[in-house]
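The file data_38.pdb contains PDB, C-alpha atoms:
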```
MODEL        1
ATOM      1  CA  MET M   1     -15.735  16.373  -4.512
ATOM      2  CA  VAL M   2     -13.680  13.190  -4.133
ATOM      3  CA  ASP M   3     -14.247  11.197  -0.942
ATOM      4  CA  LEU M   4     -10.660  10.634   0.218
ATOM      5  CA  ARG M   5     -11.831   8.522   3.162
ATOM      6  CA  HIS M   6     -13.551   5.898   1.026
ATOM      7  CA  HIS M   7     -11.617   2.603   1.016
ATOM      8  CA  GLY M   8     -12.124  -0.920  -0.237
ATOM      9  CA  ASP M   9     -13.440  -2.232   3.073
ATOM     10  CA  THR M  10     -16.502  -0.012   2.550
ATOM     11  CA  GLU M  11     -17.413  -2.105  -0.497
ATOM     12  CA  VAL M  12     -17.532  -5.481   1.249
ATOM     13  CA  GLY M  13     -20.345  -6.966   3.291
ATOM     14  CA  PRO M  14     -21.790 -10.232   4.605
ATOM     15  CA  GLY M  15     -21.990 -12.926   1.965
ATOM     16  CA  LEU M  16     -20.073 -10.983  -0.686
ATOM     17  CA  LEU M  17     -17.121 -12.467  -2.534
ATOM     18  CA  ASP M  18     -14.393  -9.915  -1.853
ATOM     19  CA  PHE M  19     -12.426  -8.493  -4.786
ATOM     20  CA  ALA M  20     -12.454  -5.005  -3.249
ATOM     21  CA  VAL M  21      -9.834  -5.247  -0.487
ATOM     22  CA  ASN M  22      -6.187  -5.740  -1.420
ATOM     23  CA  VAL M  23      -5.261  -7.974   1.517
ATOM     24  CA  ARG M  24      -3.899 -11.415   0.624
ATOM     25  CA  ASP M  25      -6.542 -14.066   1.207
ATOM     26  CA  ARG M  26      -6.047 -17.221   3.286
ATOM     27  CA  THR M  27      -3.850 -15.372   5.764
ATOM     28  CA  PRO M  28      -2.259 -15.007   8.211
ATOM     29  CA  PRO M  29      -0.432 -18.333   7.786
ATOM     30  CA  ARG M  30      -0.724 -20.803  10.619
ATOM     31  CA  TRP M  31       2.803 -20.298  11.943
ATOM     32  CA  LEU M  32       2.238 -16.536  12.233
ATOM     33  CA  ALA M  33      -1.206 -16.936  13.790
ATOM     34  CA  GLU M  34       0.332 -19.209  16.448
ATOM     35  CA  ARG M  35       3.005 -16.648  17.342
ATOM     36  CA  LEU M  36       0.403 -13.902  17.558
ATOM     37  CA  ALA M  37      -1.764 -16.042  19.820
ATOM     38  CA  ALA M  38       1.216 -16.782  22.064
ATOM     39  CA  SER M  39       1.922 -13.049  22.447
ATOM     40  CA  VAL M  40      -1.297 -12.660  24.427
ATOM     41  CA  ALA M  41       0.577 -14.062  27.432
ATOM     42  CA  ASP M  42       2.721 -10.894  27.466
ATOM     43  CA  LEU M  43      -0.069  -8.312  27.360
ATOM     44  CA  ALA M  44       0.371  -7.313  31.009
ATOM     45  CA  ALA M  45       3.691  -5.662  30.114
ATOM     46  CA  TYR M  46       4.005  -2.461  28.107
ATOM     47  CA  PRO M  47       5.118  -3.036  24.500
ATOM     48  CA  ASP M  48       8.871  -2.998  23.843
ATOM     49  CA  PRO M  49       9.482  -2.017  20.210
ATOM     50  CA  GLU M  50      13.267  -2.480  20.161
ATOM     51  CA  PRO M  51      13.467  -6.174  19.121
ATOM     52  CA  ALA M  52      11.080  -5.516  16.248
ATOM     53  CA  ARG M  53      12.968  -2.352  15.235
ATOM     54  CA  ARG M  54      16.205  -4.331  15.096
ATOM     55  CA  ALA M  55      14.564  -7.068  13.031
ATOM     56  CA  VAL M  56      13.167  -4.576  10.522
ATOM     57  CA  ALA M  57      16.531  -2.797  10.342
ATOM     58  CA  ARG M  58      18.306  -6.096   9.574
ATOM     59  CA  ARG M  59      15.714  -6.944   6.962
ATOM     60  CA  HIS M  60      16.447  -3.736   5.033
ATOM     61  CA  ARG M  61      20.132  -3.419   5.998
ATOM     62  CA  ARG M  62      19.453  -0.158   7.763
ATOM     63  CA  LYS M  63      20.383   1.206  11.171
ATOM     64  CA  THR M  64      17.879   0.722  13.983
ATOM     65  CA  ALA M  65      17.743   4.492  14.408
ATOM     66  CA  GLU M  66      16.349   4.694  10.858
ATOM     67  CA  VAL M  67      13.248   2.605  11.720
ATOM     68  CA  LEU M  68       9.969   3.772  13.240
ATOM     69  CA  LEU M  69       7.271   1.172  13.862
ATOM     70  CA  THR M  70       3.712   2.385  13.331
ATOM     71  CA  ALA M  71       0.130   1.216  13.758
ATOM     72  CA  GLY M  72      -0.152   0.464  10.060
ATOM     73  CA  ALA M  73       1.045   2.628   7.193
ATOM     74  CA  ALA M  74      -1.894   4.967   7.803
ATOM     75  CA  GLU M  75      -0.396   6.114  11.114
ATOM     76  CA  ALA M  76       2.857   6.926   9.342
ATOM     77  CA  PHE M  77       1.033   9.351   7.051
ATOM     78  CA  VAL M  78      -0.686  11.002  10.013
ATOM     79  CA  LEU M  79       2.629  11.422  11.845
ATOM     80  CA  LEU M  80       4.240  12.972   8.788
ATOM     81  CA  ALA M  81       1.322  15.385   8.402
ATOM     82  CA  ARG M  82       1.452  16.397  12.058
ATOM     83  CA  ALA M  83       5.219  16.692  12.429
ATOM     84  CA  LEU M  84       6.110  18.430   9.159
ATOM     85  CA  THR M  85       5.366  21.991   8.097
ATOM     86  CA  PRO M  86       5.634  21.898   4.296
ATOM     87  CA  ARG M  87       5.455  25.099   2.296
ATOM     88  CA  ARG M  88       4.387  23.252  -0.848
ATOM     89  CA  ALA M  89       3.055  19.713  -0.428
ATOM     90  CA  VAL M  90       2.486  17.667  -3.575
ATOM     91  CA  VAL M  91       0.730  14.307  -3.829
ATOM     92  CA  VAL M  92       1.090  12.266  -7.016
ATOM     93  CA  HIS M  93      -2.258  10.754  -8.045
ATOM     94  CA  PRO M  94      -3.929   8.385  -8.626
ATOM     95  CA  GLN M  95      -2.693   6.806  -5.406
ATOM     96  CA  PHE M  96      -3.789   5.735  -1.933
ATOM     97  CA  THR M  97      -5.794   8.681  -0.631
ATOM     98  CA  GLU M  98      -4.812   8.626   3.049
ATOM     99  CA  PRO M  99      -1.578  10.641   2.542
ATOM    100  CA  GLU M 100      -3.566  13.567   1.139
ATOM    101  CA  ALA M 101      -6.370  13.111   3.665
ATOM    102  CA  ALA M 102      -3.851  13.231   6.538
ATOM    103  CA  LEU M 103      -2.227  16.385   5.176
ATOM    104  CA  ARG M 104      -5.567  18.146   4.772
ATOM    105  CA  ALA M 105      -6.696  17.071   8.238
ATOM    106  CA  ALA M 106      -3.521  18.659   9.639
ATOM    107  CA  GLY M 107      -4.323  21.933   7.863
ATOM    108  CA  HIS M 108      -1.825  21.719   5.006
ATOM    109  CA  PRO M 109      -2.797  22.842   1.497
ATOM    110  CA  VAL M 110      -2.172  20.059  -1.019
ATOM    111  CA  GLU M 111      -1.346  20.217  -4.716
ATOM    112  CA  ARG M 112      -2.050  17.249  -6.952
ATOM    113  CA  VAL M 113       0.086  15.982  -9.781
ATOM    114  CA  VAL M 114      -2.333  13.760 -11.694
ATOM    115  CA  LEU M 115      -0.909  11.095 -13.983
ATOM    116  CA  ASP M 116      -2.927   9.854 -16.936
ATOM    117  CA  GLY M 117      -2.547   7.438 -19.830
ATOM    118  CA  ASP M 118      -0.575   4.471 -18.542
ATOM    119  CA  PHE M 119       0.030   6.305 -15.227
ATOM    120  CA  THR M 120       3.829   6.343 -15.518
ATOM    121  CA  LEU M 121       5.702   9.062 -13.641
ATOM    122  CA  ASP M 122       7.750  11.835 -15.223
ATOM    123  CA  PRO M 123       9.901  13.466 -12.507
ATOM    124  CA  GLY M 124       9.572  16.749 -14.387
ATOM    125  CA  ALA M 125       5.859  16.820 -13.575
ATOM    126  CA  VAL M 126       6.650  17.495  -9.903
ATOM    127  CA  PRO M 127       7.281  21.187  -9.130
ATOM    128  CA  ASP M 128      10.939  21.902  -8.358
ATOM    129  CA  ASP M 129      10.105  23.873  -5.220
ATOM    130  CA  ALA M 130       7.868  21.195  -3.667
ATOM    131  CA  ASP M 131       9.333  20.463  -0.237
ATOM    132  CA  LEU M 132       7.074  17.457   0.435
ATOM    133  CA  VAL M 133       6.281  14.894  -2.258
ATOM    134  CA  MET M 134       4.196  11.751  -1.734
ATOM    135  CA  VAL M 135       4.012   8.906  -4.248
ATOM    136  CA  GLY M 136       3.170   5.195  -4.224
ATOM    137  CA  ASN M 137       5.258   2.331  -5.649
ATOM    138  CA  PRO M 138       3.772   0.064  -6.832
ATOM    139  CA  THR M 139       0.862   2.409  -6.826
ATOM    140  CA  ASN M 140      -2.595   1.792  -5.447
ATOM    141  CA  PRO M 141      -4.906   1.702  -7.446
ATOM    142  CA  THR M 142      -3.055   1.587 -10.772
ATOM    143  CA  SER M 143      -0.719  -1.353  -9.954
ATOM    144  CA  VAL M 144       2.018   0.559 -11.823
ATOM    145  CA  LEU M 145       5.608   0.044 -10.632
ATOM    146  CA  HIS M 146       7.821   3.103 -11.109
ATOM    147  CA  PRO M 147      11.565   2.586 -11.706
ATOM    148  CA  ALA M 148      13.696   3.206  -8.632
ATOM    149  CA  GLU M 149      15.844   5.663 -10.574
ATOM    150  CA  THR M 150      12.759   7.726 -11.464
ATOM    151  CA  LEU M 151      11.789   8.065  -7.816
ATOM    152  CA  ALA M 152      15.372   8.640  -6.681
ATOM    153  CA  ALA M 153      15.513  11.581  -9.098
ATOM    154  CA  LEU M 154      12.850  13.285  -6.982
ATOM    155  CA  ALA M 155      15.024  13.300  -3.848
ATOM    156  CA  ARG M 156      16.957  16.450  -3.016
ATOM    157  CA  PRO M 157      18.126  18.477  -0.016
ATOM    158  CA  GLY M 158      15.307  20.475   1.563
ATOM    159  CA  ARG M 159      12.612  18.078   0.356
ATOM    160  CA  VAL M 160      10.921  15.180   2.121
ATOM    161  CA  LEU M 161      10.150  12.455  -0.428
ATOM    162  CA  VAL M 162       7.628   9.914   0.897
ATOM    163  CA  VAL M 163       7.385   6.669  -1.073
ATOM    164  CA  ASP M 164       4.499   4.402  -0.074
ATOM    165  CA  GLU M 165       5.759   0.842  -0.575
ATOM    166  CA  ALA M 166       2.796  -0.931   1.017
ATOM    167  CA  PHE M 167       2.689  -3.299  -1.969
ATOM    168  CA  ALA M 168       6.431  -3.576  -2.671
ATOM    169  CA  ASP M 169       6.566  -7.184  -1.533
ATOM    170  CA  CYS M 170       4.111  -8.093  -4.299
ATOM    171  CA  VAL M 171       7.077  -7.772  -6.664
ATOM    172  CA  PRO M 172       9.539 -10.692  -6.648
ATOM    173  CA  GLY M 173      12.938  -9.450  -5.508
ATOM    174  CA  GLU M 174      11.584  -5.927  -4.906
ATOM    175  CA  PRO M 175      13.915  -4.533  -7.608
ATOM    176  CA  GLU M 176      12.492  -1.003  -7.558
ATOM    177  CA  SER M 177      12.279  -0.599  -3.779
ATOM    178  CA  LEU M 178      14.083   2.318  -2.146
ATOM    179  CA  ALA M 179      13.840   0.785   1.336
ATOM    180  CA  GLY M 180      17.562   0.091   1.464
ATOM    181  CA  ARG M 181      18.616   3.565   0.273
ATOM    182  CA  ALA M 182      20.014   5.508   3.205
ATOM    183  CA  ASP M 183      21.935   7.801   0.834
ATOM    184  CA  LEU M 184      18.991   9.759  -0.586
ATOM    185  CA  PRO M 185      18.333  13.050   1.238
ATOM    186  CA  GLY M 186      14.910  13.413   2.816
ATOM    187  CA  LEU M 187      13.692   9.960   1.748
ATOM    188  CA  VAL M 188      10.925   8.319   3.782
ATOM    189  CA  VAL M 189       9.826   4.820   2.793
ATOM    190  CA  VAL M 190       6.551   3.614   4.283
ATOM    191  CA  ARG M 191       5.903  -0.116   4.491
ATOM    192  CA  SER M 192       2.947  -2.223   5.598
ATOM    193  CA  LEU M 193       2.571  -5.810   6.797
ATOM    194  CA  THR M 194      -1.179  -5.657   6.230
ATOM    195  CA  LYS M 195      -1.274  -6.772   2.607
ATOM    196  CA  THR M 196       0.997  -9.788   2.295
ATOM    197  CA  TRP M 197       0.327 -11.250   5.728
ATOM    198  CA  GLY M 198      -3.402 -10.512   6.095
ATOM    199  CA  LEU M 199      -3.058  -8.336   9.194
ATOM    200  CA  ALA M 200      -5.362  -5.397   8.487
ATOM    201  CA  GLY M 201      -7.050  -5.800  11.864
ATOM    202  CA  LEU M 202      -3.745  -5.858  13.743
ATOM    203  CA  ARG M 203      -2.476  -2.494  12.392
ATOM    204  CA  VAL M 204       1.257  -2.877  11.858
ATOM    205  CA  GLY M 205       3.708  -1.115   9.578
ATOM    206  CA  TYR M 206       6.843   0.986   9.700
ATOM    207  CA  LEU M 207       8.780   3.743   8.029
ATOM    208  CA  LEU M 208      12.434   4.118   7.147
ATOM    209  CA  ALA M 209      14.070   7.549   7.219
ATOM    210  CA  GLU M 210      17.058   9.554   8.417
ATOM    211  CA  PRO M 211      17.480   9.311  12.226
ATOM    212  CA  PRO M 212      16.672  12.992  12.941
ATOM    213  CA  LEU M 213      13.375  12.688  11.078
ATOM    214  CA  VAL M 214      12.601   9.376  12.785
ATOM    215  CA  ARG M 215      13.101  11.034  16.167
ATOM    216  CA  ARG M 216      10.910  13.955  15.153
ATOM    217  CA  LEU M 217       8.120  11.643  14.042
ATOM    218  CA  ALA M 218       8.458   9.515  17.177
ATOM    219  CA  GLU M 219       7.860  12.618  19.282
ATOM    220  CA  ALA M 220       4.540  13.105  17.490
ATOM    221  CA  GLN M 221       3.545   9.477  18.048
ATOM    222  CA  PRO M 222       1.438   8.423  21.047
ATOM    223  CA  LEU M 223       3.260   6.301  23.607
ATOM    224  CA  TRP M 224       2.992   2.544  23.006
ATOM    225  CA  SER M 225       1.246   3.141  19.701
ATOM    226  CA  VAL M 226       2.149  -0.306  18.387
ATOM    227  CA  SER M 227       0.746  -3.211  20.387
ATOM    228  CA  THR M 228       2.690  -6.243  21.561
ATOM    229  CA  PRO M 229       1.058  -8.604  19.013
ATOM    230  CA  ALA M 230       1.810  -6.102  16.238
ATOM    231  CA  LEU M 231       5.458  -5.923  17.344
ATOM    232  CA  VAL M 232       5.619  -9.714  17.257
ATOM    233  CA  ALA M 233       4.280  -9.622  13.707
ATOM    234  CA  ALA M 234       6.861  -7.034  12.646
ATOM    235  CA  ARG M 235       9.652  -9.157  14.083
ATOM    236  CA  GLU M 236       8.433 -12.496  12.721
ATOM    237  CA  CYS M 237       7.649 -11.168   9.244
ATOM    238  CA  SER M 238      11.195  -9.834   8.935
ATOM    239  CA  THR M 239      12.895 -13.217   9.345
ATOM    240  CA  PRO M 240      14.553 -15.060   6.438
ATOM    241  CA  ARG M 241      11.824 -17.711   6.604
ATOM    242  CA  ALA M 242       9.070 -15.133   6.269
ATOM    243  CA  LEU M 243      10.836 -13.293   3.473
ATOM    244  CA  ALA M 244      11.246 -16.539   1.539
ATOM    245  CA  GLU M 245       7.539 -17.280   1.956
ATOM    246  CA  ALA M 246       6.615 -13.759   0.804
ATOM    247  CA  GLU M 247       8.871 -14.145  -2.228
ATOM    248  CA  SER M 248       7.243 -17.452  -3.161
ATOM    249  CA  TRP M 249       3.813 -15.866  -2.822
ATOM    250  CA  ALA M 250       4.853 -12.932  -5.028
ATOM    251  CA  VAL M 251       6.008 -15.309  -7.763
ATOM    252  CA  ASP M 252       2.715 -17.212  -7.599
ATOM    253  CA  LEU M 253       0.771 -13.933  -7.545
ATOM    254  CA  ALA M 254       2.431 -12.841 -10.784
ATOM    255  CA  GLY M 255       1.092 -15.885 -12.606
ATOM    256  CA  ARG M 256      -2.441 -15.490 -11.272
ATOM    257  CA  ARG M 257      -2.397 -11.766 -12.023
ATOM    258  CA  THR M 258      -1.296 -12.329 -15.617
ATOM    259  CA  ARG M 259      -4.041 -14.893 -16.189
ATOM    260  CA  LEU M 260      -6.730 -12.658 -14.685
ATOM    261  CA  ALA M 261      -5.554  -9.667 -16.734
ATOM    262  CA  GLU M 262      -5.690 -11.757 -19.919
ATOM    263  CA  ASP M 263      -9.169 -13.033 -19.107
ATOM    264  CA  LEU M 264     -10.503  -9.557 -18.354
ATOM    265  CA  THR M 265      -8.937  -8.173 -21.529
ATOM    266  CA  ALA M 266     -10.573 -10.955 -23.542
ATOM    267  CA  LEU M 267     -13.930  -9.777 -22.174
ATOM    268  CA  GLY M 268     -13.281  -6.295 -23.583
ATOM    269  CA  LEU M 269     -12.153  -4.589 -20.377
ATOM    270  CA  ALA M 270      -9.127  -2.271 -20.563
ATOM    271  CA  VAL M 271      -6.561  -3.357 -17.973
ATOM    272  CA  THR M 272      -3.821  -0.870 -17.047
ATOM    273  CA  PRO M 273      -0.630  -2.250 -18.629
ATOM    274  CA  ASP M 274       2.104  -4.150 -16.786
ATOM    275  CA  PRO M 275       0.414  -4.481 -13.383
ATOM    276  CA  ARG M 276       2.786  -5.439 -10.562
ATOM    277  CA  ALA M 277       0.744  -5.355  -7.353
ATOM    278  CA  SER M 278      -2.010  -7.602  -5.977
ATOM    279  CA  PHE M 279      -4.783  -5.893  -7.945
ATOM    280  CA  LEU M 280      -5.709  -4.662 -11.399
ATOM    281  CA  LEU M 281      -7.080  -1.310 -12.490
ATOM    282  CA  VAL M 282      -9.781  -1.827 -15.107
ATOM    283  CA  ARG M 283     -11.550   0.703 -17.310
ATOM    284  CA  THR M 284     -14.836   0.134 -19.089
ATOM    285  CA  PRO M 285     -17.775   2.388 -19.962
ATOM    286  CA  GLY M 286     -20.472   2.048 -17.336
ATOM    287  CA  ALA M 287     -18.123   0.576 -14.746
ATOM    288  CA  ASP M 288     -20.165   2.070 -11.942
ATOM    289  CA  LEU M 289     -23.291   0.256 -13.113
ATOM    290  CA  LEU M 290     -21.281  -2.927 -13.592
ATOM    291  CA  ARG M 291     -20.062  -2.688 -10.000
ATOM    292  CA  THR M 292     -23.658  -2.410  -8.788
ATOM    293  CA  ARG M 293     -24.712  -5.408 -10.864
ATOM    294  CA  LEU M 294     -21.784  -7.453  -9.543
ATOM    295  CA  ARG M 295     -22.770  -6.574  -6.017
ATOM    296  CA  GLY M 296     -26.287  -7.757  -6.724
ATOM    297  CA  ARG M 297     -24.797 -11.091  -7.750
ATOM    298  CA  GLY M 298     -22.680 -11.411  -4.597
ATOM    299  CA  VAL M 299     -19.344  -9.935  -5.697
ATOM    300  CA  ALA M 300     -17.663  -6.778  -4.351
ATOM    301  CA  VAL M 301     -15.137  -4.781  -6.389
ATOM    302  CA  ARG M 302     -13.600  -1.394  -5.617
ATOM    303  CA  ARG M 303     -15.053   1.713  -7.253
ATOM    304  CA  GLY M 304     -12.516   3.942  -8.981
ATOM    305  CA  ASP M 305     -14.101   7.377  -8.792
ATOM    306  CA  THR M 306     -12.920   8.096  -5.237
ATOM    307  CA  PHE M 307      -9.310   8.216  -6.462
ATOM    308  CA  PRO M 308      -8.292  11.654  -7.786
ATOM    309  CA  GLY M 309      -7.565  11.334 -11.472
ATOM    310  CA  LEU M 310      -9.974   8.460 -12.094
ATOM    311  CA  GLY M 311     -13.696   8.442 -12.727
ATOM    312  CA  LYS M 312     -16.802   6.294 -12.891
ATOM    313  CA  ASP M 313     -15.382   4.173 -15.708
ATOM    314  CA  TYR M 314     -12.736   2.599 -13.459
ATOM    315  CA  LEU M 315     -12.772  -0.397 -11.118
ATOM    316  CA  ARG M 316     -10.011  -1.895  -9.001
ATOM    317  CA  ILE M 317     -10.089  -5.681  -8.822
ATOM    318  CA  ALA M 318      -8.019  -7.698  -6.358
ATOM    319  CA  VAL M 319      -6.213 -10.813  -7.581
ATOM    320  CA  ARG M 320      -7.436 -13.887  -5.710
ATOM    321  CA  ALA M 321      -6.861 -17.631  -5.924
ATOM    322  CA  ALA M 322      -7.154 -19.023  -9.453
ATOM    323  CA  GLU M 323     -10.499 -20.696  -8.865
ATOM    324  CA  THR M 324     -11.932 -17.533  -7.268
ATOM    325  CA  ASN M 325     -10.688 -15.408 -10.163
ATOM    326  CA  ALA M 326     -12.371 -17.833 -12.553
ATOM    327  CA  ARG M 327     -15.710 -17.340 -10.772
ATOM    328  CA  LEU M 328     -15.427 -13.588 -11.286
ATOM    329  CA  VAL M 329     -14.519 -13.955 -14.954
ATOM    330  CA  ALA M 330     -17.488 -16.274 -15.553
ATOM    331  CA  LEU M 331     -19.861 -13.823 -13.908
ATOM    332  CA  LEU M 332     -18.454 -10.890 -15.869
ATOM    333  CA  ALA M 333     -18.835 -12.850 -19.111
ATOM    334  CA  GLU M 334     -22.506 -13.285 -18.264
ATOM    335  CA  LEU M 335     -23.082  -9.644 -17.266
ATOM    336  CA  LEU M 336     -21.187  -8.138 -20.192
TER     337      LEU M 336
ENDMDL
END
```
So that I can check it, write out the structure of this file as structure tokens.
Amino acid sequence: MVDLRHHGDTEVGPGLLDFAVNVRDRTPPRWLAERLAASVADLAAYPDPEPARRAVARRHRRKTAEVLLTAGAAEAFVLLARALTPRRAVVVHPQFTEPEAALRAAGHPVERVVLDGDFTLDPGAVPDDADLVMVGNPTNPTSVLHPAETLAALARPGRVLVVDEAFADCVPGEPESLAGRADLPGLVVVRSLTKTWGLAGLRVGYLLAEPPLVRRLAEAQPLWSVSTPALVAARECSTPRALAEAESWAVDLAGRRTRLAEDLTALGLAVTPDPRASFLLVRTPGADLLRTRLRGRGVAVRRGDTFPGLGKDYLRIAVRAAETNARLVALLAELL
């Protein structure tokens, strides 16, 4: 039985070097932290989401009515599970487990389409009569980026297609993002500000969908679900300045990720090809024991066997600063 509620934060602890959680380190940046601190002065008033909705809409060239702000991407999955009544819900795995967990908690049966090999997606693997399909891009934990045209082929009338783009801004230019596609029937794109901006504790994200579905989901959402500081973050992280900073980070990330993947491969670990997110999926016999030994030496990595479709031979490793990555590689060289 796979524990769908196990996440990377469970792996970390006091004194451990964190390669388990996929949040960008050394964040939030100072300018964002200052704006969040200033928002405390407005906490006596109820949150007003409209300025942030407009900012997110401009960022993706969508209408404001197509934006719903949420308390992190996780709330978006809960709202979808509560508001929709799918006849045949399909989740493409391996991927972030909260979409399936939310569906099951709401009483919906769930079918899994499990990818293997290099974890690329064949649209033909998804049943034609599935009226709810959930998939990640780039996918957690595989770091695989599916082509936009492959995902777009899954959209059709009568189906809700949910694409989790929590790590889309790890990819320079976001070439495979569907966030700007208002023409695809039933498309829901879920985004998160947690990863790039280091805001896991603030809980802020949003979804993009057709206005009738946005209204339906909003009715299922608690009043004032998104706090004033979170709304400030959504607004500020959608500005041209913030987008330029995120792009620069994504370019730098690509170089660090390539170097770490090469170093791990040189140690004999099998790294899933062409990673595009802020982490690597690694396979090696005895990975579970290796994870325990790393922990004993002060390093936390993410176990792979709580993702459907993976097993005890997999680990997910976050990409950190170059010098921090080098410390991990040196320790692995010693342990292996």
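From CA of Lys195 in chain M back to CA of Leu315 in chain M, the distance works out to 19.0 Å.
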I need the residue set behind the PyMOL selection byres ((chain M and resi 307) around 10) for this file; please write it as a PyMOL selection string. chain M and resi 2-7+93-97+140-141+303-306+308-311+314
Using all atoms listed in the file, which of the listed residues (M:Pro14, M:Gly72, M:Pro86, M:Gly136) sits closest to Gly205 in chain M?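 Checking each candidate against Gly205 in chain M, we get M:Gly72 as the closest.
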Which residues are near Pro222 in chain M? Cut-off 10 Å, all atoms listed in the file, ignore same chain within fewer than 4 positions. Put them as a compact mmCIF listing (two decimals) with C-alpha atoms, keeping the file's coordinate frame.
```txt
# COMPACT_ATOMS: atom_id res chain seq x y z
CA LEU M 79 2.63 11.42 11.84
CA ALA M 218 8.46 9.52 17.18
CA VAL M 226 2.15 -0.31 18.39
```
Of the listed residues M:Val144, M:Ala322, M:Ala38, M:Met1, that which approaches Leu121 in chain M most closely, counting all atoms listed in the file: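 Residue with the minimum atom-to-atom distance to Leu121 in chain M: M:Val144.
Shortest separation to Leu290 in chain M among M:Leu336, M:Val163, M:Ala244, M:Ala130 occurs at residue M:Leu336, atoms counted being only C-alpha atoms.
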Non-local contacts of range 238-243 of chain M (8 Å; all atoms listed in the file; under 4 positions in same chain excluded) as a PyMOL selection string: chain M and resi 55-56+59+234+247
Same residues, C-alpha atoms, saved as a PDB file, keeping the file's coordinate frame:
```pdb
ATOM      1  CA  ALA M  55      14.564  -7.068  13.031  1.00  0.00           C
ATOM      2  CA  VAL M  56      13.167  -4.576  10.522  1.00  0.00           C
ATOM      3  CA  ARG M  59      15.714  -6.944   6.962  1.00  0.00           C
ATOM      4  CA  ALA M 234       6.861  -7.034  12.646  1.00  0.00           C
ATOM      5  CA  GLU M 247       8.871 -14.145  -2.228  1.00  0.00           C
TER       6      GLU M 247
END
```
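Take CA of Leu43 in chain M and CA of Ala246 in chain M: the distance between them is 27.9 Å.
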Which neighbours of Gly117 in chain M fall inside 10 Å, counting all atoms listed in the file, when residues of the same chain fewer than 2 positions from it are skipped, and could you give them as an MDAnalysis selection string? chainID M and resid 115 119:120 272:273
Could you list the residues chosen by the PyMOL selection byres ((chain M and resi 23) around 7) in this structure as a ChimeraX atom specification? /M:21-22,24-25,194-196,198
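From CA of Ala300 in chain M back to CA of Ala166 in chain M, the distance works out to 21.9 Å.
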Given the file shown, determine the residues that the PyMOL selection byres ((chain M and resi 78) around 12) selects; report them as a PyMOL selection string. chain M and resi 70-77+79-84+98-108+190+217-218+220-222
Just want the 10 Å neighbourhood of Gly298 in chain M, counted on all atoms listed in the file, with same-chain residues fewer than 3 positions away dropped. Output as a PyMOL selection string. chain M and resi 12-18+292-295
Which residue is closest to Asp169 in chain M? Choose from M:Cys237, M:Ala277, M:Leu207, M:Leu132 and count only C-alpha atoms.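 Comparing M:Cys237, M:Ala277, M:Leu207, M:Leu132 against Asp169 in chain M, the winner is M:Ala277.
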Of M:Arg112, M:His60, M:Arg291, M:Arg35, the one sitting nearest Leu208 in chain M when using only C-alpha atoms is M:His60
Using only C-alpha atoms for the distances, tell me which of M:Val282, M:Leu332, M:Leu223, M:Leu145 is nearest to Asp48 in chain M. M:Leu223
Contact residues around Ala326 in chain M with only C-alpha atoms at 12 Å, ignoring same-chain residues under 2 positions, as an MDAnalysis selection string: chainID M and resid 256:257 259:264 319:324 328:333
